[in-house]
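> To be precise about what I am sending: the file is called final_31.cif and holds mmCIF, C-alpha atoms.
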data_start
#
loop_
_atom_site.label_atom_id
_atom_site.label_comp_id
_atom_site.auth_asym_id
_atom_site.auth_seq_id
_atom_site.Cartn_x
_atom_site.Cartn_y
_atom_site.Cartn_z
CA MET A 276 8.42 0.41 -19.95
CA GLU A 277 10.49 3.42 -20.75
CA ALA A 278 12.65 1.77 -23.36
CA SER A 279 9.71 0.41 -25.34
CA ARG A 280 8.01 3.77 -25.07
CA GLY A 281 11.21 5.42 -26.23
CA VAL A 282 11.33 3.09 -29.22
CA ASP A 283 7.67 3.83 -29.90
CA GLU A 284 8.32 7.56 -29.75
CA GLU A 285 11.38 7.22 -31.97
CA SER A 286 9.45 5.17 -34.48
CA LEU A 287 6.62 7.71 -34.55
CA SER A 288 9.09 10.56 -34.94
CA ARG A 289 10.84 8.80 -37.82
CA LYS A 290 7.51 8.21 -39.57
CA ALA A 291 6.43 11.80 -38.96
CA LEU A 292 9.70 13.05 -40.40
CA ALA A 293 8.95 10.93 -43.45
CA GLY A 294 5.59 12.66 -43.76
CA ASP A 295 3.33 10.01 -42.26
CA ARG A 296 0.19 11.93 -41.26
CA SER A 297 -1.06 9.28 -38.84
CA ALA A 298 2.27 9.46 -37.00
CA TRP A 299 1.86 13.22 -36.74
CA ASP A 300 -1.66 12.74 -35.41
CA ALA A 301 -0.42 10.35 -32.75
CA LEU A 302 2.37 12.70 -31.71
CA VAL A 303 0.04 15.69 -31.59
CA ALA A 304 -2.49 13.75 -29.51
CA ARG A 305 0.27 12.76 -27.11
CA HIS A 306 1.94 16.14 -26.64
CA HIS A 307 -0.75 18.73 -27.32
CA ARG A 308 -1.85 19.10 -23.70
CA ARG A 309 1.70 19.67 -22.53
CA VAL A 310 2.09 22.45 -25.10
CA VAL A 311 -1.13 24.11 -23.94
CA VAL A 312 -0.11 23.85 -20.29
CA SER A 313 3.29 25.35 -21.03
CA LEU A 314 1.59 28.31 -22.69
CA LEU A 315 -0.81 28.73 -19.78
CA ALA A 316 2.19 28.72 -17.45
CA ARG A 317 3.58 31.63 -19.46
CA GLY A 318 0.44 33.62 -18.73
CA VAL A 319 -1.19 33.14 -22.13
CA ARG A 320 -5.00 33.17 -22.08
CA VAL A 321 -6.53 29.74 -22.41
CA ASP A 322 -8.23 30.45 -25.74
CA ARG A 323 -5.05 31.93 -27.17
CA ALA A 324 -3.05 29.02 -25.73
CA HIS A 325 -5.16 26.58 -27.74
CA GLU A 326 -4.71 28.65 -30.89
CA LEU A 327 -0.97 28.93 -30.42
CA ALA A 328 -0.71 25.21 -29.73
CA GLN A 329 -2.50 24.48 -32.98
CA GLU A 330 -0.25 26.92 -34.78
CA THR A 331 2.76 25.24 -33.23
CA TRP A 332 1.86 21.89 -34.77
CA ALA A 333 0.99 23.50 -38.09
CA ARG A 334 4.41 25.18 -38.20
CA LEU A 335 6.22 21.95 -37.36
CA ILE A 336 4.34 20.02 -40.05
CA GLN A 337 5.06 22.79 -42.55
CA GLN A 338 8.74 22.68 -41.68
CA GLN A 339 8.75 18.92 -42.13
CA GLN A 340 7.05 19.23 -45.51
CA ARG A 341 9.65 21.75 -46.63
CA GLY A 342 12.40 19.38 -45.55
CA LEU A 343 13.60 21.74 -42.83
CA LEU A 344 13.23 19.27 -40.00
CA THR A 345 16.18 16.93 -39.67
CA GLU A 346 15.10 15.46 -36.36
CA LEU A 347 11.99 15.57 -34.24
CA ARG A 348 12.47 15.56 -30.50
CA LEU A 349 9.15 15.99 -28.77
CA PRO A 350 7.84 17.56 -26.69
CA ASN A 351 10.87 19.87 -26.49
CA LEU A 352 10.74 21.04 -30.09
CA ALA A 353 7.02 21.81 -29.82
CA LEU A 354 7.53 23.61 -26.50
CA THR A 355 10.27 25.75 -28.00
CA GLN A 356 8.16 26.53 -31.05
CA ALA A 357 5.19 27.42 -28.83
CA ALA A 358 7.34 29.69 -26.67
CA PHE A 359 8.58 31.44 -29.79
CA LEU A 360 5.03 31.93 -31.03
CA ALA A 361 3.95 33.24 -27.61
CA ALA A 362 6.77 35.78 -27.61
CA ASP A 363 5.93 36.76 -31.18
CA ASP A 364 2.30 37.12 -30.17
CA ALA A 365 3.29 39.37 -27.28
CA ARG A 366 5.31 41.59 -29.63
CA ARG A 367 2.39 41.80 -32.04
CA VAL A 368 0.03 42.87 -29.25
CA ARG A 369 2.55 45.46 -28.18
CA ARG A 370 2.78 46.82 -31.73
CA GLU A 371 -0.99 46.93 -32.11
CA SER A 372 -1.38 48.81 -28.86
CA ILE A 373 1.19 51.39 -29.89
CA SER A 374 -1.51 54.02 -30.38
CA GLY A 375 -2.66 53.60 -26.81
CA ALA A 376 -0.95 52.68 -23.58
CA VAL A 377 -0.50 48.98 -22.90
CA GLU A 378 -1.83 49.63 -19.42
CA GLU A 379 -5.19 50.46 -20.95
CA LEU A 380 -5.56 46.88 -22.14
CA PRO A 381 -7.32 44.40 -19.90
CA GLU A 382 -4.72 42.87 -17.57
CA ARG A 383 -4.97 39.43 -19.12
CA GLN A 384 -4.15 40.88 -22.53
CA HIS A 385 -0.93 42.49 -21.41
CA PRO A 386 1.95 41.16 -23.46
CA VAL A 387 3.94 38.51 -21.68
CA ASP A 388 7.56 39.35 -21.11
CA PRO A 389 9.28 36.11 -22.12
CA ALA A 390 12.37 36.85 -20.01
CA VAL A 391 10.40 37.37 -16.83
CA SER A 392 8.29 34.35 -17.64
CA ALA A 393 11.31 32.16 -18.17
CA GLU A 394 12.81 33.26 -14.88
CA ARG A 395 9.62 32.50 -13.05
CA ARG A 396 9.29 29.12 -14.69
CA LEU A 397 12.73 27.83 -13.88
CA LEU A 398 13.26 26.18 -10.54
CA SER A 399 16.32 27.16 -8.60
CA GLU A 400 18.72 24.42 -7.59
CA GLU A 401 17.54 24.75 -4.03
CA GLN A 402 13.93 24.38 -5.10
CA LEU A 403 14.82 21.37 -7.19
CA SER A 404 16.62 19.66 -4.36
CA ARG A 405 13.71 20.45 -2.06
CA ALA A 406 11.30 18.95 -4.56
CA HIS A 407 13.54 15.90 -4.94
CA ALA A 408 13.70 15.50 -1.17
CA ALA A 409 9.92 15.68 -0.95
CA LEU A 410 9.63 13.20 -3.80
CA ALA A 411 12.04 10.84 -2.08
CA GLN A 412 9.77 10.83 0.96
CA VAL A 413 6.64 9.64 -0.81
CA SER A 414 6.01 5.92 -1.06
CA PRO A 415 7.97 4.11 -3.78
CA SER A 416 4.82 3.12 -5.63
CA ALA A 417 3.45 6.68 -5.60
CA ARG A 418 6.82 7.98 -6.72
CA SER A 419 6.91 5.47 -9.54
CA VAL A 420 3.46 6.59 -10.70
CA PHE A 421 4.44 10.25 -10.52
CA LEU A 422 7.69 9.75 -12.42
CA LEU A 423 5.99 7.70 -15.11
CA ALA A 424 3.28 10.32 -15.59
CA CYS A 425 5.26 13.52 -15.16
CA ASP A 426 8.76 12.99 -16.48
CA GLY A 427 7.97 14.98 -19.59
CA GLN A 428 7.34 12.05 -21.89
CA GLU A 429 3.57 12.55 -21.66
CA LEU A 430 2.65 8.98 -20.90
CA PRO A 431 -1.17 8.91 -20.80
CA HIS A 432 -2.66 8.12 -17.42
CA ALA A 433 -4.29 4.99 -18.83
CA GLU A 434 -0.87 3.67 -19.86
CA VAL A 435 0.59 4.54 -16.47
CA ALA A 436 -2.30 2.71 -14.83
CA ALA A 437 -1.72 -0.35 -17.01
CA LYS A 438 1.98 -0.39 -16.20
CA VAL A 439 1.60 -0.17 -12.45
CA GLY A 440 -1.55 -2.27 -12.24
CA LEU A 441 -3.82 0.41 -10.82
CA SER A 442 -7.00 2.07 -12.03
CA VAL A 443 -6.80 5.36 -13.90
CA GLN A 444 -8.76 7.01 -11.10
CA ARG A 445 -6.27 5.78 -8.51
CA VAL A 446 -3.37 6.98 -10.63
CA ARG A 447 -4.89 10.47 -10.79
CA GLN A 448 -5.55 10.40 -7.08
CA ILE A 449 -1.90 9.55 -6.46
CA LEU A 450 -0.78 12.30 -8.82
CA CYS A 451 -2.88 14.83 -6.94
CA GLU A 452 -1.47 13.68 -3.61
CA VAL A 453 2.12 13.91 -4.84
CA ARG A 454 1.46 17.31 -6.45
CA LYS A 455 0.11 18.56 -3.14
CA LYS A 456 3.24 17.46 -1.29
CA LEU A 457 5.56 18.95 -3.87
CA ARG A 458 3.59 22.17 -3.99
CA THR A 459 3.94 22.48 -0.22
CA ALA A 460 7.68 21.83 -0.50
CA LEU A 461 8.10 24.47 -3.21
CA GLU A 462 5.94 27.02 -1.39
CA GLU A 463 7.88 26.53 1.83
CA GLU A 464 11.03 27.34 -0.06
CA THR A 465 9.45 30.34 -1.72
CA HIS A 466 8.21 31.77 1.55
CA ALA A 467 11.45 31.06 3.40
CA MET B 125 -20.94 35.96 -13.27
CA LEU B 126 -23.14 32.90 -12.92
CA LYS B 127 -20.54 30.21 -13.46
CA PRO B 128 -18.85 28.89 -10.33
CA HIS B 129 -15.31 29.96 -9.62
CA LEU B 130 -12.46 27.53 -10.02
CA THR B 131 -11.19 25.64 -7.05
CA ARG B 132 -7.58 24.56 -6.86
CA ASP B 133 -8.76 20.98 -7.24
CA SER B 134 -10.72 21.68 -10.40
CA ALA B 135 -7.82 23.63 -11.87
CA GLU B 136 -5.53 20.74 -11.01
CA GLN B 137 -7.89 18.25 -12.61
CA TYR B 138 -7.99 20.39 -15.74
CA ILE B 139 -4.21 20.56 -15.94
CA LEU B 140 -3.99 16.81 -15.47
CA GLY B 141 -6.51 16.31 -18.26
CA ALA B 142 -8.89 14.55 -15.92
CA LEU B 143 -11.94 16.74 -16.53
CA ALA B 144 -14.76 15.72 -18.82
CA PRO B 145 -14.70 17.74 -22.07
CA GLU B 146 -17.80 19.77 -21.21
CA LYS B 147 -16.46 20.62 -17.76
CA ALA B 148 -13.11 21.55 -19.23
CA ALA B 149 -14.82 23.81 -21.74
CA ALA B 150 -16.87 25.46 -18.99
CA LEU B 151 -13.74 25.99 -16.92
CA GLU B 152 -11.92 27.54 -19.87
CA ALA B 153 -14.84 29.84 -20.61
CA HIS B 154 -14.92 30.95 -17.00
CA THR B 155 -11.23 31.81 -16.90
CA LEU B 156 -11.76 34.12 -19.87
CA GLU B 157 -14.19 36.16 -17.81
CA CYS B 158 -12.71 35.86 -14.35
CA GLU B 159 -9.23 37.22 -13.74
CA PRO B 160 -8.58 35.54 -10.33
CA CYS B 161 -9.56 32.16 -11.77
CA ALA B 162 -7.29 32.71 -14.77
CA VAL B 163 -4.44 33.43 -12.37
CA LEU B 164 -5.27 30.30 -10.41
CA LEU B 165 -5.15 28.25 -13.61
CA GLN B 166 -1.84 29.82 -14.54
CA GLU B 167 -0.43 28.95 -11.13
CA GLU B 168 -1.44 25.32 -11.56
CA ALA B 169 0.05 25.24 -15.04
CA LEU B 170 3.25 26.76 -13.71
CA LEU B 171 3.38 24.19 -10.93
CA SER B 172 2.83 21.45 -13.48
CA GLU B 173 5.80 22.68 -15.51
CA GLN B 174 7.94 22.87 -12.42
CA LEU B 175 6.97 19.38 -11.34
CA THR B 176 7.81 18.06 -14.79
CA GLU B 177 11.22 19.64 -14.39
CA ALA B 178 11.57 18.07 -10.95
CA ALA B 179 10.48 14.66 -12.21
CA SER B 180 12.74 14.71 -15.24
CA THR B 181 15.75 15.62 -13.10
CA PHE B 182 14.98 13.20 -10.30
CA PRO B 183 17.91 10.78 -9.91
CA ARG B 184 16.99 7.81 -12.07
CA GLU B 185 18.94 5.44 -9.86
CA GLU B 186 16.17 5.74 -7.34
CA ARG B 187 13.50 4.74 -9.81
CA VAL B 188 13.71 0.96 -9.30
CA VAL B 189 10.76 -0.22 -7.27
CA ARG B 190 10.79 -3.74 -5.96
CA PRO B 191 7.36 -5.31 -6.31
CA LEU B 192 5.98 -7.86 -3.93
CA VAL B 193 6.90 -10.62 -6.35
CA TRP B 194 10.57 -9.80 -5.82
CA HIS B 195 10.28 -9.90 -2.04
CA ALA B 196 8.34 -13.15 -2.33
CA ARG B 197 11.16 -14.56 -4.40
CA ARG B 198 13.74 -13.46 -1.88
CA ALA B 199 11.68 -14.97 0.91
CA GLY B 200 11.39 -18.17 -1.11
CA THR B 201 15.14 -18.25 -1.63
CA GLY B 202 15.67 -17.80 2.10
CA ALA B 203 13.32 -20.65 2.81
CA ALA B 204 15.16 -22.85 0.32
CA ILE B 205 18.49 -22.05 1.97
CA ALA B 206 17.05 -22.83 5.38
CA ALA B 207 15.69 -26.16 4.11
CA LEU B 208 19.02 -27.09 2.55
CA ALA B 209 20.86 -26.14 5.73
CA ALA B 210 18.47 -28.28 7.76
CA ALA B 211 18.99 -31.22 5.39
CA ALA B 212 22.76 -30.84 5.64
CA SER B 213 22.56 -30.76 9.42
CA LEU B 214 20.43 -33.89 9.45
CA THR B 215 22.90 -35.63 7.15
CA LEU B 216 25.72 -34.66 9.45
CA VAL B 217 23.89 -35.99 12.49
CA LEU B 218 23.09 -39.27 10.76
CA LEU B 219 26.63 -39.74 9.53
CA THR B 220 28.15 -39.03 12.91
CA GLY B 221 25.52 -41.27 14.51
CA ASP B 222 26.54 -44.22 12.31
CA LYS B 223 30.17 -43.81 13.23
CA ALA B 224 29.54 -43.40 16.92
CA THR B 225 31.20 -46.76 17.50
CA HIS B 226 34.45 -45.42 16.01
CA PRO B 227 34.96 -42.18 17.86
CA SER B 228 38.73 -42.21 17.55
CA VAL B 229 38.63 -41.56 13.79
CA PRO B 230 38.02 -37.90 12.96
CA ASP B 231 35.37 -37.53 10.36
CA THR B 232 35.55 -35.25 7.41
CA LEU B 233 32.26 -34.50 5.80
CA ASP B 234 32.62 -34.30 2.07
CA VAL B 235 29.44 -32.44 1.50
CA ARG B 236 29.39 -29.16 -0.32
CA PRO B 237 27.71 -26.39 1.60
CA PRO B 238 24.31 -25.54 0.22
CA THR B 239 24.40 -22.54 -2.01
CA VAL B 240 21.89 -20.70 -4.05
CA ALA B 241 23.62 -18.62 -6.65
CA LEU B 242 23.46 -17.63 -10.26
CA GLU B 243 25.08 -20.16 -12.53
CA LEU B 244 27.71 -18.28 -14.42
CA ASP B 245 30.32 -19.43 -16.88
CA GLU B 246 33.89 -19.37 -15.71
CA VAL B 247 34.73 -16.60 -18.11
CA ASP B 248 32.20 -14.43 -16.36
CA SER B 249 33.51 -15.10 -12.92
CA PRO B 250 34.95 -11.59 -12.47
CA THR B 251 31.46 -10.19 -12.60
CA LYS B 252 29.87 -12.70 -10.26
CA SER B 253 29.57 -10.20 -7.46
CA ASN B 254 28.08 -7.54 -9.73
CA VAL B 255 24.45 -8.47 -9.86
CA VAL B 256 21.67 -5.95 -9.97
CA ALA B 257 17.98 -6.49 -9.62
CA CYS B 258 15.52 -5.11 -12.12
CA PRO B 259 12.31 -6.25 -10.59
CA ASP B 260 10.02 -3.46 -11.66
CA LEU B 261 8.25 -3.96 -14.95
CA ALA B 262 7.90 -0.25 -15.46
CA THR B 263 11.62 0.39 -15.25
CA GLN B 264 13.01 -2.95 -16.26
CA ASP B 265 14.13 -2.04 -19.75
CA PHE B 266 15.84 1.11 -18.57
CA CYS B 267 17.39 -0.76 -15.67
CA THR B 268 18.68 -3.52 -17.95
CA ARG B 269 20.14 -1.02 -20.37
CA LYS B 270 21.89 0.96 -17.63
CA ALA B 271 23.19 -2.24 -16.08
CA ALA B 272 24.55 -3.38 -19.43
CA GLU B 273 26.34 -0.07 -19.87
CA ARG B 274 28.00 -0.56 -16.51
CA GLY B 275 28.94 -4.17 -17.12
CA LEU B 276 26.62 -5.58 -14.51
CA LEU B 277 24.58 -8.74 -14.52
CA VAL B 278 20.87 -8.35 -14.41
CA MET B 279 18.58 -10.41 -12.26
CA ASN B 280 14.94 -10.35 -13.23
CA PRO B 281 12.08 -11.27 -10.90
CA TRP B 282 11.86 -14.58 -12.66
CA GLY B 283 15.41 -15.39 -11.68
CA THR B 284 16.87 -15.44 -15.15
CA ALA B 285 20.07 -13.60 -15.68
CA GLU B 286 21.34 -11.88 -18.75
CA VAL B 287 24.96 -11.28 -19.53
CA PRO B 288 25.30 -7.69 -20.61
CA ARG B 289 27.84 -6.28 -22.99
CA TYR B 290 31.29 -6.75 -21.58
CA GLU B 291 34.29 -4.97 -23.00
CA ALA B 292 37.20 -7.35 -22.55
CA ARG B 293 39.53 -4.65 -23.81
CA THR B 294 38.71 -2.26 -21.02
CA GLY B 295 37.70 -4.73 -18.35
CA LEU B 296 35.01 -3.88 -15.88
CA PRO B 297 33.75 -0.35 -16.34
CA GLU B 298 34.50 2.13 -13.64
CA GLY B 299 31.70 2.58 -11.23
CA ALA B 300 30.63 -1.04 -11.47
CA LEU B 301 29.03 -2.02 -8.23
CA SER B 302 30.70 -4.57 -6.05
CA ALA B 303 27.89 -6.14 -4.13
CA ARG B 304 27.17 -9.60 -2.93
CA GLN B 305 23.54 -8.78 -2.75
CA PRO B 306 21.36 -7.52 -5.57
CA VAL B 307 21.28 -3.78 -5.48
CA SER B 308 19.05 -1.25 -7.10
CA LEU B 309 20.41 0.88 -9.87
#
How would this structure read if it were set down as structure tokens?

Amino acid sequence: MEASRGVDEESLSRKALAGDRSAWDALVARHHRRVVVSLLARGVRVDRAHELAQETWARLIQQQQRGLLTELRLPNLALTQAAFLAADDARRVRRESISGAVEELPERQHPVDPAVSAERRLLSEEQLSRAHAALAQVSPSARSVFLLACDGQELPHAEVAAKVGLSVQRVRQILCEVRKKLRTALEEETHA
Amino acid sequence: MLKPHLTRDSAEQYILGALAPEKAAALEAHTLECEPCAVLLQEEALLSEQLTEAASTFPREERVVRPLVWHARRAGTGAAIAALAAAASLTLVLLTGDKATHPSVPDTLDVRPPTVALELDEVDSPTKSNVVACPDLATQDFCTRKAAERGLLVMNPWGTAEVPRYEARTGLPEGALSARQPVSL
């Protein structure tokens, strides 16, 4: 239930803002993967993505302890913080490579241009409508599973499974099927 | 490079968090050594972000899913209506049969037509036709909240109805549905 989950998230956020460490732990456990995936999508190496994700949470907790956080909206705040750290990391790599050409670095260590990354990450309106159309064509139950699991609120697959009365394995199978259809829809648009 | 390359499926499983920790660690280690596999993982991560965007912007009105229990209830209601109609017809036949010896007197049947409807107070009569169904447990709370904001009545799978917030000052909110049948939000 979205509302109860929203209340749960709000309650956790309130406690975390008050300095409750267990609330922070719960929020980190819930949103950490999304932060890592967002960094991977920006072209950050997987080991560095994990480090930056950890640093993201450390920064947020530090800000809370200093009384600089007035509200905590996750995962968006963590994603923004992670993006900032990734851009900062890219600048640092660029500075360190100033003695030599960036091109001499291994390709995966090239600094990520945040602007280019952001452009690539954003879906155009046409892509969005194409994805929505593809989503509208899947079965209502599959769509419900997909929306519960992927609407950005990071509902764990076990909770999705409990809500819709399916096994976790079946939920993941449905997610893969829907991803495949949406990928095809997006690729068709890209190649058009 | 001895470790196997990533497949799109394994990368997808990793992004979904469905891989066992040791397999996930092996996959991560491989992407640090293998550029094409790192790119494949990035593509899957990018797709995941895009799908999150698509899911979060998907029109929420289309998120109500009617479970079988709802259809069963509707079917049950239909059966009840049919039974009541049959009983009324039988009553009519019996009554007219008894008065067959007095055909010159027109009969008026003082029997209310069978109805199955929500019992609403008179003060709520303006909203009688604005009933929405929130049959899906996963979306019920959201559905109820949105219905309340729009001044609609909410019908749950169990048949109970809640009267949402109603602003007498402003009357029915604009955009309130006018439907005789339950509609999805």
> Could you give me, as an mmCIF file with C-alpha atoms, keeping the file's coordinate frame, the residues that sit within 12 Å of (6.3, 17.2, -17.8) in the file's coordinates, counting all atoms listed in the file?

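Everything below was put into out.cif:
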data_model
loop_
_atom_site.group_PDB
_atom_site.id
_atom_site.type_symbol
_atom_site.label_atom_id
_atom_site.label_comp_id
_atom_site.auth_asym_id
_atom_site.auth_seq_id
_atom_site.Cartn_x
_atom_site.Cartn_y
_atom_site.Cartn_z
ATOM 1 C CA ARG A 305 0.270 12.760 -27.110
ATOM 2 C CA HIS A 306 1.940 16.140 -26.640
ATOM 3 C CA HIS A 307 -0.750 18.730 -27.320
ATOM 4 C CA ARG A 308 -1.850 19.100 -23.700
ATOM 5 C CA ARG A 309 1.700 19.670 -22.530
ATOM 6 C CA VAL A 310 2.090 22.450 -25.100
ATOM 7 C CA VAL A 311 -1.130 24.110 -23.940
ATOM 8 C CA VAL A 312 -0.110 23.850 -20.290
ATOM 9 C CA SER A 313 3.290 25.350 -21.030
ATOM 10 C CA LEU A 349 9.150 15.990 -28.770
ATOM 11 C CA PRO A 350 7.840 17.560 -26.690
ATOM 12 C CA ASN A 351 10.870 19.870 -26.490
ATOM 13 C CA LEU A 354 7.530 23.610 -26.500
ATOM 14 C CA PHE A 421 4.440 10.250 -10.520
ATOM 15 C CA LEU A 422 7.690 9.750 -12.420
ATOM 16 C CA LEU A 423 5.990 7.700 -15.110
ATOM 17 C CA ALA A 424 3.280 10.320 -15.590
ATOM 18 C CA CYS A 425 5.260 13.520 -15.160
ATOM 19 C CA ASP A 426 8.760 12.990 -16.480
ATOM 20 C CA GLY A 427 7.970 14.980 -19.590
ATOM 21 C CA GLN A 428 7.340 12.050 -21.890
ATOM 22 C CA GLU A 429 3.570 12.550 -21.660
ATOM 23 C CA LEU A 430 2.650 8.980 -20.900
ATOM 24 C CA PRO A 431 -1.170 8.910 -20.800
ATOM 25 C CA ILE B 139 -4.210 20.560 -15.940
ATOM 26 C CA LEU B 140 -3.990 16.810 -15.470
ATOM 27 C CA ALA B 169 0.050 25.240 -15.040
ATOM 28 C CA LEU B 170 3.250 26.760 -13.710
ATOM 29 C CA LEU B 171 3.380 24.190 -10.930
ATOM 30 C CA SER B 172 2.830 21.450 -13.480
ATOM 31 C CA GLU B 173 5.800 22.680 -15.510
ATOM 32 C CA GLN B 174 7.940 22.870 -12.420
ATOM 33 C CA LEU B 175 6.970 19.380 -11.340
ATOM 34 C CA THR B 176 7.810 18.060 -14.790
ATOM 35 C CA GLU B 177 11.220 19.640 -14.390
ATOM 36 C CA ALA B 178 11.570 18.070 -10.950
ATOM 37 C CA ALA B 179 10.480 14.660 -12.210
ATOM 38 C CA SER B 180 12.740 14.710 -15.240
ATOM 39 C CA THR B 181 15.750 15.620 -13.100
#
> I need the contact residues of chain B against chain A, so if you could list those with any atom within 10 Å, counting all atoms listed in the file, and return them as a PyMOL selection string, that would help.
chain B and resi 133+136-142+151-153+155-159+162-163+165-184+186-191+260-269
> How many Å separate CA of Leu335 in chain A from CA of Ala433 in chain A?
27.2 Å
> Please enumerate the residues selected by the PyMOL selection byres ((chain A and resi 333) around 12) when evaluated against the supplied file, formatted as a list in words.
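Output from the PyMOL selection byres ((chain A and resi 333) around 12), applied to this file: Trp299, Asp300, Val303, His307, Glu326, Leu327, Ala328, Gln329, Glu330, Thr331, Trp332, Arg334, Leu335, Ile336, Gln337, Gln338, Gln339, Gln340, Ala353, Gln356, Ala357 and Leu360 of chain A.
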> Any chance you could export the current selection's C-alpha atoms as a PDB file, in the frame of the given file?

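Once written, out_27.pdb looks like this:
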ATOM      1  CA  TRP A 299       1.860  13.220 -36.740  1.00  0.00           C
ATOM      2  CA  ASP A 300      -1.660  12.740 -35.410  1.00  0.00           C
ATOM      3  CA  VAL A 303       0.040  15.690 -31.590  1.00  0.00           C
ATOM      4  CA  HIS A 307      -0.750  18.730 -27.320  1.00  0.00           C
ATOM      5  CA  GLU A 326      -4.710  28.650 -30.890  1.00  0.00           C
ATOM      6  CA  LEU A 327      -0.970  28.930 -30.420  1.00  0.00           C
ATOM      7  CA  ALA A 328      -0.710  25.210 -29.730  1.00  0.00           C
ATOM      8  CA  GLN A 329      -2.500  24.480 -32.980  1.00  0.00           C
ATOM      9  CA  GLU A 330      -0.250  26.920 -34.780  1.00  0.00           C
ATOM     10  CA  THR A 331       2.760  25.240 -33.230  1.00  0.00           C
ATOM     11  CA  TRP A 332       1.860  21.890 -34.770  1.00  0.00           C
ATOM     12  CA  ARG A 334       4.410  25.180 -38.200  1.00  0.00           C
ATOM     13  CA  LEU A 335       6.220  21.950 -37.360  1.00  0.00           C
ATOM     14  CA  ILE A 336       4.340  20.020 -40.050  1.00  0.00           C
ATOM     15  CA  GLN A 337       5.060  22.790 -42.550  1.00  0.00           C
ATOM     16  CA  GLN A 338       8.740  22.680 -41.680  1.00  0.00           C
ATOM     17  CA  GLN A 339       8.750  18.920 -42.130  1.00  0.00           C
ATOM     18  CA  GLN A 340       7.050  19.230 -45.510  1.00  0.00           C
ATOM     19  CA  ALA A 353       7.020  21.810 -29.820  1.00  0.00           C
ATOM     20  CA  GLN A 356       8.160  26.530 -31.050  1.00  0.00           C
ATOM     21  CA  ALA A 357       5.190  27.420 -28.830  1.00  0.00           C
ATOM     22  CA  LEU A 360       5.030  31.930 -31.030  1.00  0.00           C
TER      23      LEU A 360
END
> Quick one: 6 Å padding each side, axis-aligned, all listed atoms of range 436-448 of chain A - centre and edge lengths in Å to one decimal, as AutoDock Vina command-line options?

--center_x -3.4 --center_y 4.1 --center_z -12.0 --size_x 22.7 --size_y 24.7 --size_z 21.9
> To one decimal in Å, tell me the separation between CA of Ser399 in chain A and CA of Ala365 in chain A.
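Taking CA of Ser399 in chain A and CA of Ala365 in chain A, their separation equals 25.8 Å.
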> Using CA of Leu164 in chain B and CA of Leu143 in chain B as the two end points, give the distance in Å to one decimal.
16.3 Å
> For Leu343 in chain A, which residue among A:Ala298, A:Ala293, A:Ala358, A:Ala324 is the nearest when counting all atoms listed in the file?
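That would be A:Ala293, the residue with the smallest distance to Leu343 in chain A.
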